[in-house]
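Data file: entry.cif. Format and content: mmCIF, N, CA and C atoms.
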data_my_file
#
loop_
_atom_site.label_atom_id
_atom_site.label_comp_id
_atom_site.auth_asym_id
_atom_site.auth_seq_id
_atom_site.Cartn_x
_atom_site.Cartn_y
_atom_site.Cartn_z
N MET A 1 85.70 -14.05 -30.24
CA MET A 1 85.80 -15.43 -29.86
C MET A 1 85.00 -16.27 -30.86
N THR A 2 85.58 -17.35 -31.31
CA THR A 2 84.92 -18.26 -32.23
C THR A 2 84.64 -19.57 -31.51
N LEU A 3 83.40 -20.00 -31.55
CA LEU A 3 83.03 -21.27 -30.94
C LEU A 3 82.93 -22.32 -32.03
N ARG A 4 83.43 -23.50 -31.75
CA ARG A 4 83.37 -24.60 -32.71
C ARG A 4 82.54 -25.73 -32.10
N PHE A 5 81.61 -26.21 -32.87
CA PHE A 5 80.78 -27.33 -32.45
C PHE A 5 80.82 -28.39 -33.53
N ASP A 6 80.71 -29.64 -33.13
CA ASP A 6 80.70 -30.74 -34.08
C ASP A 6 79.29 -31.33 -34.12
N PHE A 7 78.59 -31.13 -35.22
CA PHE A 7 77.25 -31.66 -35.39
C PHE A 7 77.22 -32.79 -36.42
N HIS A 8 78.38 -33.37 -36.76
CA HIS A 8 78.41 -34.49 -37.70
C HIS A 8 77.54 -35.62 -37.14
N GLY A 9 76.68 -36.16 -37.99
CA GLY A 9 75.79 -37.23 -37.56
C GLY A 9 74.55 -36.76 -36.82
N LYS A 10 74.42 -35.45 -36.61
CA LYS A 10 73.26 -34.89 -35.91
C LYS A 10 72.25 -34.37 -36.91
N LYS A 11 70.98 -34.36 -36.50
CA LYS A 11 69.89 -33.88 -37.34
C LYS A 11 69.24 -32.69 -36.66
N VAL A 12 68.99 -31.63 -37.44
CA VAL A 12 68.48 -30.38 -36.89
C VAL A 12 67.25 -29.93 -37.66
N LEU A 13 66.22 -29.50 -36.93
CA LEU A 13 65.05 -28.85 -37.52
C LEU A 13 65.09 -27.40 -37.05
N LEU A 14 65.29 -26.49 -37.98
CA LEU A 14 65.44 -25.07 -37.65
C LEU A 14 64.25 -24.28 -38.17
N THR A 15 63.54 -23.61 -37.27
CA THR A 15 62.44 -22.74 -37.68
C THR A 15 62.98 -21.32 -37.79
N GLY A 16 62.33 -20.51 -38.59
CA GLY A 16 62.78 -19.13 -38.75
C GLY A 16 64.08 -19.00 -39.50
N ALA A 17 64.32 -19.91 -40.43
CA ALA A 17 65.60 -19.96 -41.13
C ALA A 17 65.80 -18.83 -42.13
N THR A 18 64.76 -18.08 -42.45
CA THR A 18 64.88 -17.04 -43.48
C THR A 18 65.25 -15.67 -42.91
N GLY A 19 65.24 -15.53 -41.60
CA GLY A 19 65.64 -14.26 -40.99
C GLY A 19 67.16 -14.17 -40.89
N ASP A 20 67.65 -13.03 -40.44
CA ASP A 20 69.10 -12.84 -40.35
C ASP A 20 69.76 -13.84 -39.41
N VAL A 21 69.20 -14.02 -38.22
CA VAL A 21 69.76 -14.98 -37.27
C VAL A 21 69.61 -16.39 -37.80
N GLY A 22 68.45 -16.68 -38.38
CA GLY A 22 68.21 -18.01 -38.94
C GLY A 22 69.20 -18.37 -40.03
N LYS A 23 69.48 -17.43 -40.93
CA LYS A 23 70.44 -17.69 -42.01
C LYS A 23 71.83 -17.97 -41.44
N ALA A 24 72.21 -17.25 -40.40
CA ALA A 24 73.50 -17.49 -39.76
C ALA A 24 73.54 -18.87 -39.11
N LEU A 25 72.43 -19.26 -38.49
CA LEU A 25 72.35 -20.59 -37.88
C LEU A 25 72.41 -21.70 -38.93
N VAL A 26 71.74 -21.50 -40.06
CA VAL A 26 71.82 -22.47 -41.16
C VAL A 26 73.27 -22.69 -41.54
N ARG A 27 74.00 -21.60 -41.79
CA ARG A 27 75.40 -21.70 -42.19
C ARG A 27 76.22 -22.39 -41.11
N GLY A 28 76.00 -22.02 -39.85
CA GLY A 28 76.76 -22.62 -38.75
C GLY A 28 76.51 -24.12 -38.62
N PHE A 29 75.25 -24.52 -38.68
CA PHE A 29 74.93 -25.94 -38.58
C PHE A 29 75.51 -26.73 -39.76
N LEU A 30 75.37 -26.20 -40.97
CA LEU A 30 75.92 -26.90 -42.13
C LEU A 30 77.45 -26.98 -42.05
N ASP A 31 78.08 -25.89 -41.66
CA ASP A 31 79.54 -25.89 -41.53
C ASP A 31 80.01 -26.85 -40.45
N SER A 32 79.14 -27.14 -39.48
CA SER A 32 79.48 -28.05 -38.38
C SER A 32 79.10 -29.49 -38.68
N GLY A 33 78.57 -29.75 -39.88
CA GLY A 33 78.30 -31.11 -40.30
C GLY A 33 76.90 -31.63 -40.08
N ALA A 34 75.96 -30.79 -39.66
CA ALA A 34 74.60 -31.25 -39.39
C ALA A 34 73.82 -31.51 -40.67
N LYS A 35 72.89 -32.43 -40.59
CA LYS A 35 71.87 -32.61 -41.62
C LYS A 35 70.70 -31.75 -41.16
N LEU A 36 70.25 -30.83 -42.01
CA LEU A 36 69.39 -29.74 -41.56
C LEU A 36 68.12 -29.60 -42.38
N VAL A 37 67.00 -29.46 -41.67
CA VAL A 37 65.75 -29.03 -42.29
C VAL A 37 65.55 -27.58 -41.87
N ALA A 38 65.50 -26.69 -42.85
CA ALA A 38 65.32 -25.26 -42.61
C ALA A 38 63.89 -24.88 -43.00
N THR A 39 63.18 -24.23 -42.08
CA THR A 39 61.80 -23.83 -42.38
C THR A 39 61.65 -22.32 -42.24
N GLY A 40 60.68 -21.80 -42.97
CA GLY A 40 60.35 -20.39 -42.91
C GLY A 40 59.04 -20.17 -43.65
N ARG A 41 58.43 -19.02 -43.45
CA ARG A 41 57.16 -18.73 -44.11
C ARG A 41 57.32 -18.47 -45.60
N SER A 42 58.42 -17.84 -45.97
CA SER A 42 58.60 -17.39 -47.35
C SER A 42 59.37 -18.41 -48.18
N SER A 43 58.68 -19.04 -49.12
CA SER A 43 59.37 -19.99 -50.00
C SER A 43 60.39 -19.27 -50.87
N GLU A 44 60.13 -18.00 -51.20
CA GLU A 44 61.08 -17.22 -51.99
C GLU A 44 62.39 -17.01 -51.23
N LYS A 45 62.30 -16.68 -49.94
CA LYS A 45 63.50 -16.49 -49.13
C LYS A 45 64.21 -17.82 -48.89
N LEU A 46 63.44 -18.89 -48.74
CA LEU A 46 64.06 -20.21 -48.56
C LEU A 46 64.88 -20.60 -49.78
N ARG A 47 64.42 -20.24 -50.97
CA ARG A 47 65.16 -20.57 -52.20
C ARG A 47 66.55 -19.93 -52.21
N LEU A 48 66.70 -18.82 -51.51
CA LEU A 48 67.99 -18.12 -51.50
C LEU A 48 69.02 -18.78 -50.58
N ILE A 49 68.56 -19.65 -49.69
CA ILE A 49 69.47 -20.34 -48.78
C ILE A 49 70.19 -21.43 -49.56
N ARG A 50 71.50 -21.45 -49.47
CA ARG A 50 72.32 -22.39 -50.22
C ARG A 50 72.97 -23.41 -49.30
N GLY A 51 73.10 -24.60 -49.81
CA GLY A 51 73.78 -25.66 -49.09
C GLY A 51 73.70 -26.94 -49.89
N PRO A 52 74.49 -27.93 -49.52
CA PRO A 52 74.48 -29.20 -50.26
C PRO A 52 73.13 -29.90 -50.11
N GLU A 53 72.57 -30.37 -51.23
CA GLU A 53 71.25 -31.00 -51.22
C GLU A 53 71.19 -32.21 -50.29
N ALA A 54 72.29 -32.90 -50.13
CA ALA A 54 72.30 -34.08 -49.26
C ALA A 54 72.21 -33.70 -47.78
N MET A 55 72.51 -32.44 -47.46
CA MET A 55 72.54 -32.01 -46.06
C MET A 55 71.47 -30.97 -45.73
N LEU A 56 70.79 -30.42 -46.71
CA LEU A 56 69.85 -29.32 -46.47
C LEU A 56 68.53 -29.55 -47.19
N LYS A 57 67.46 -29.53 -46.42
CA LYS A 57 66.09 -29.60 -46.96
C LYS A 57 65.39 -28.32 -46.53
N LYS A 58 64.74 -27.65 -47.48
CA LYS A 58 64.03 -26.40 -47.19
C LYS A 58 62.54 -26.63 -47.34
N ILE A 59 61.78 -26.25 -46.30
CA ILE A 59 60.33 -26.45 -46.31
C ILE A 59 59.65 -25.16 -45.88
N SER A 60 58.76 -24.66 -46.72
CA SER A 60 57.97 -23.47 -46.38
C SER A 60 56.84 -23.89 -45.46
N CYS A 61 56.63 -23.11 -44.38
CA CYS A 61 55.61 -23.46 -43.40
C CYS A 61 55.19 -22.24 -42.61
N ASP A 62 53.88 -22.05 -42.47
CA ASP A 62 53.33 -21.01 -41.60
C ASP A 62 52.92 -21.69 -40.30
N PHE A 63 53.62 -21.39 -39.22
CA PHE A 63 53.39 -22.07 -37.95
C PHE A 63 52.07 -21.68 -37.29
N GLU A 64 51.34 -20.76 -37.87
CA GLU A 64 50.00 -20.45 -37.37
C GLU A 64 48.96 -21.36 -38.00
N ASN A 65 49.37 -22.18 -38.96
CA ASN A 65 48.47 -23.09 -39.66
C ASN A 65 48.84 -24.53 -39.28
N PHE A 66 48.01 -25.15 -38.43
CA PHE A 66 48.31 -26.48 -37.91
C PHE A 66 48.48 -27.51 -39.03
N THR A 67 47.67 -27.41 -40.07
CA THR A 67 47.77 -28.36 -41.18
C THR A 67 49.13 -28.27 -41.85
N GLU A 68 49.64 -27.05 -42.05
CA GLU A 68 50.97 -26.87 -42.64
C GLU A 68 52.06 -27.40 -41.72
N VAL A 69 51.91 -27.16 -40.42
CA VAL A 69 52.91 -27.64 -39.46
C VAL A 69 52.97 -29.17 -39.48
N LYS A 70 51.82 -29.79 -39.46
CA LYS A 70 51.76 -31.26 -39.48
C LYS A 70 52.41 -31.81 -40.75
N ALA A 71 52.09 -31.22 -41.90
CA ALA A 71 52.69 -31.66 -43.16
C ALA A 71 54.20 -31.44 -43.17
N MET A 72 54.65 -30.30 -42.65
CA MET A 72 56.08 -30.01 -42.60
C MET A 72 56.80 -31.03 -41.73
N LEU A 73 56.23 -31.34 -40.56
CA LEU A 73 56.86 -32.31 -39.67
C LEU A 73 56.94 -33.69 -40.31
N GLN A 74 55.90 -34.10 -40.99
CA GLN A 74 55.92 -35.40 -41.67
C GLN A 74 57.01 -35.44 -42.74
N GLU A 75 57.11 -34.36 -43.51
CA GLU A 75 58.14 -34.29 -44.56
C GLU A 75 59.54 -34.25 -43.96
N ALA A 76 59.71 -33.48 -42.89
CA ALA A 76 61.02 -33.37 -42.24
C ALA A 76 61.46 -34.70 -41.65
N ILE A 77 60.55 -35.38 -40.97
CA ILE A 77 60.89 -36.67 -40.36
C ILE A 77 61.26 -37.68 -41.44
N ALA A 78 60.50 -37.71 -42.52
CA ALA A 78 60.80 -38.64 -43.61
C ALA A 78 62.17 -38.36 -44.22
N TRP A 79 62.54 -37.09 -44.35
CA TRP A 79 63.82 -36.73 -44.97
C TRP A 79 65.00 -36.95 -44.02
N LEU A 80 64.80 -36.63 -42.76
CA LEU A 80 65.89 -36.79 -41.79
C LEU A 80 66.14 -38.26 -41.50
#
Is it possible to give me this structure as structure tokens?
Amino acid sequence: MTLRFDFHGKKVLLTGATGDVGKALVRGFLDSGAKLVATGRSSEKLRLIRGPEAMLKKISCDFENFTEVKAMLQEAIAWL
């Protein structure tokens, strides 16, 4: 069964984007028209995620570090 969702005009902040499930969600959201901020701990793995620059922003962030989380949220809000 294939589910179709329309996220055109929607903004998404996705954590854990570098894992297997996260990568699938990135593709699904982009294919559905969302403007997406993808986050993960590994900047190297984030670089491997592909998508149109106008629709995808990648930000490395360790959620155990409050300073990084705050900076990531500020950057994500400004971009979205």
*asked:* With the PyMOL selection byres ((chain A and resi 6-19) around 6) as the selection, what would be picked from this file? Answer as a PyMOL selection string, please.
replied: chain A and resi 4-5+20-24+32-40+45-46
*Give me every alpha helix (DSSP H) residue in chain A, going by DSSP on the backbone, as a ChimeraX atom specification.*
/A:20-31,43-48,66-79
Write the selection just made, keeping N, CA and C atoms, as a short mmCIF file (atom, residue, chain, number, x, y, z; two decimals), in the coordinates of the input?
data_model
loop_
_atom_site.label_atom_id
_atom_site.label_comp_id
_atom_site.auth_asym_id
_atom_site.auth_seq_id
_atom_site.Cartn_x
_atom_site.Cartn_y
_atom_site.Cartn_z
N ASP A 20 67.65 -13.03 -40.44
CA ASP A 20 69.10 -12.84 -40.35
C ASP A 20 69.76 -13.84 -39.41
N VAL A 21 69.20 -14.02 -38.22
CA VAL A 21 69.76 -14.98 -37.27
C VAL A 21 69.61 -16.39 -37.80
N GLY A 22 68.45 -16.68 -38.38
CA GLY A 22 68.21 -18.01 -38.94
C GLY A 22 69.20 -18.37 -40.03
N LYS A 23 69.48 -17.43 -40.93
CA LYS A 23 70.44 -17.69 -42.01
C LYS A 23 71.83 -17.97 -41.44
N ALA A 24 72.21 -17.25 -40.40
CA ALA A 24 73.50 -17.49 -39.76
C ALA A 24 73.54 -18.87 -39.11
N LEU A 25 72.43 -19.26 -38.49
CA LEU A 25 72.35 -20.59 -37.88
C LEU A 25 72.41 -21.70 -38.93
N VAL A 26 71.74 -21.50 -40.06
CA VAL A 26 71.82 -22.47 -41.16
C VAL A 26 73.27 -22.69 -41.54
N ARG A 27 74.00 -21.60 -41.79
CA ARG A 27 75.40 -21.70 -42.19
C ARG A 27 76.22 -22.39 -41.11
N GLY A 28 76.00 -22.02 -39.85
CA GLY A 28 76.76 -22.62 -38.75
C GLY A 28 76.51 -24.12 -38.62
N PHE A 29 75.25 -24.52 -38.68
CA PHE A 29 74.93 -25.94 -38.58
C PHE A 29 75.51 -26.73 -39.76
N LEU A 30 75.37 -26.20 -40.97
CA LEU A 30 75.92 -26.90 -42.13
C LEU A 30 77.45 -26.98 -42.05
N ASP A 31 78.08 -25.89 -41.66
CA ASP A 31 79.54 -25.89 -41.53
C ASP A 31 80.01 -26.85 -40.45
N SER A 43 58.68 -19.04 -49.12
CA SER A 43 59.37 -19.99 -50.00
C SER A 43 60.39 -19.27 -50.87
N GLU A 44 60.13 -18.00 -51.20
CA GLU A 44 61.08 -17.22 -51.99
C GLU A 44 62.39 -17.01 -51.23
N LYS A 45 62.30 -16.68 -49.94
CA LYS A 45 63.50 -16.49 -49.13
C LYS A 45 64.21 -17.82 -48.89
N LEU A 46 63.44 -18.89 -48.74
CA LEU A 46 64.06 -20.21 -48.56
C LEU A 46 64.88 -20.60 -49.78
N ARG A 47 64.42 -20.24 -50.97
CA ARG A 47 65.16 -20.57 -52.20
C ARG A 47 66.55 -19.93 -52.21
N LEU A 48 66.70 -18.82 -51.51
CA LEU A 48 67.99 -18.12 -51.50
C LEU A 48 69.02 -18.78 -50.58
N PHE A 66 48.01 -25.15 -38.43
CA PHE A 66 48.31 -26.48 -37.91
C PHE A 66 48.48 -27.51 -39.03
N THR A 67 47.67 -27.41 -40.07
CA THR A 67 47.77 -28.36 -41.18
C THR A 67 49.13 -28.27 -41.85
N GLU A 68 49.64 -27.05 -42.05
CA GLU A 68 50.97 -26.87 -42.64
C GLU A 68 52.06 -27.40 -41.72
N VAL A 69 51.91 -27.16 -40.42
CA VAL A 69 52.91 -27.64 -39.46
C VAL A 69 52.97 -29.17 -39.48
N LYS A 70 51.82 -29.79 -39.46
CA LYS A 70 51.76 -31.26 -39.48
C LYS A 70 52.41 -31.81 -40.75
N ALA A 71 52.09 -31.22 -41.90
CA ALA A 71 52.69 -31.66 -43.16
C ALA A 71 54.20 -31.44 -43.17
N MET A 72 54.65 -30.30 -42.65
CA MET A 72 56.08 -30.01 -42.60
C MET A 72 56.80 -31.03 -41.73
N LEU A 73 56.23 -31.34 -40.56
CA LEU A 73 56.86 -32.31 -39.67
C LEU A 73 56.94 -33.69 -40.31
N GLN A 74 55.90 -34.10 -40.99
CA GLN A 74 55.92 -35.40 -41.67
C GLN A 74 57.01 -35.44 -42.74
N GLU A 75 57.11 -34.36 -43.51
CA GLU A 75 58.14 -34.29 -44.56
C GLU A 75 59.54 -34.25 -43.96
N ALA A 76 59.71 -33.48 -42.89
CA ALA A 76 61.02 -33.37 -42.24
C ALA A 76 61.46 -34.70 -41.65
N ILE A 77 60.55 -35.38 -40.97
CA ILE A 77 60.89 -36.67 -40.36
C ILE A 77 61.26 -37.68 -41.44
N ALA A 78 60.50 -37.71 -42.52
CA ALA A 78 60.80 -38.64 -43.61
C ALA A 78 62.17 -38.36 -44.22
N TRP A 79 62.54 -37.09 -44.35
CA TRP A 79 63.82 -36.73 -44.97
C TRP A 79 65.00 -36.95 -44.02
#
*Interatomic distance between atom CA of Leu56 of chain A and atom CA of Val26 of chain A?*
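Pair atom CA of Leu56 of chain A / atom CA of Val26 of chain A returns 8.9 Å.
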*Pick out the closest residue to Asp62 of chain A from this set: A:Arg50, A:Leu25, A:Leu30, A:Ser42. Count only N, CA and C atoms.*
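Selected residue with least distance to Asp62 of chain A: A:Ser42.
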*Pull the strand (DSSP E or B) assignments for chain A out of DSSP run on the backbone, and list those residues as number ranges by chain.*
A: 11-14, 35-40, 56-60
*So how many Å separate atom CA of Arg41 of chain A and atom N of Arg27 of chain A, to one decimal?*
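Pair atom CA of Arg41 of chain A / atom N of Arg27 of chain A returns 17.2 Å.
Reported to one decimal place, the separation of atom CA of Ile59 of chain A from atom CA of Met72 of chain A is 6.7 Å.
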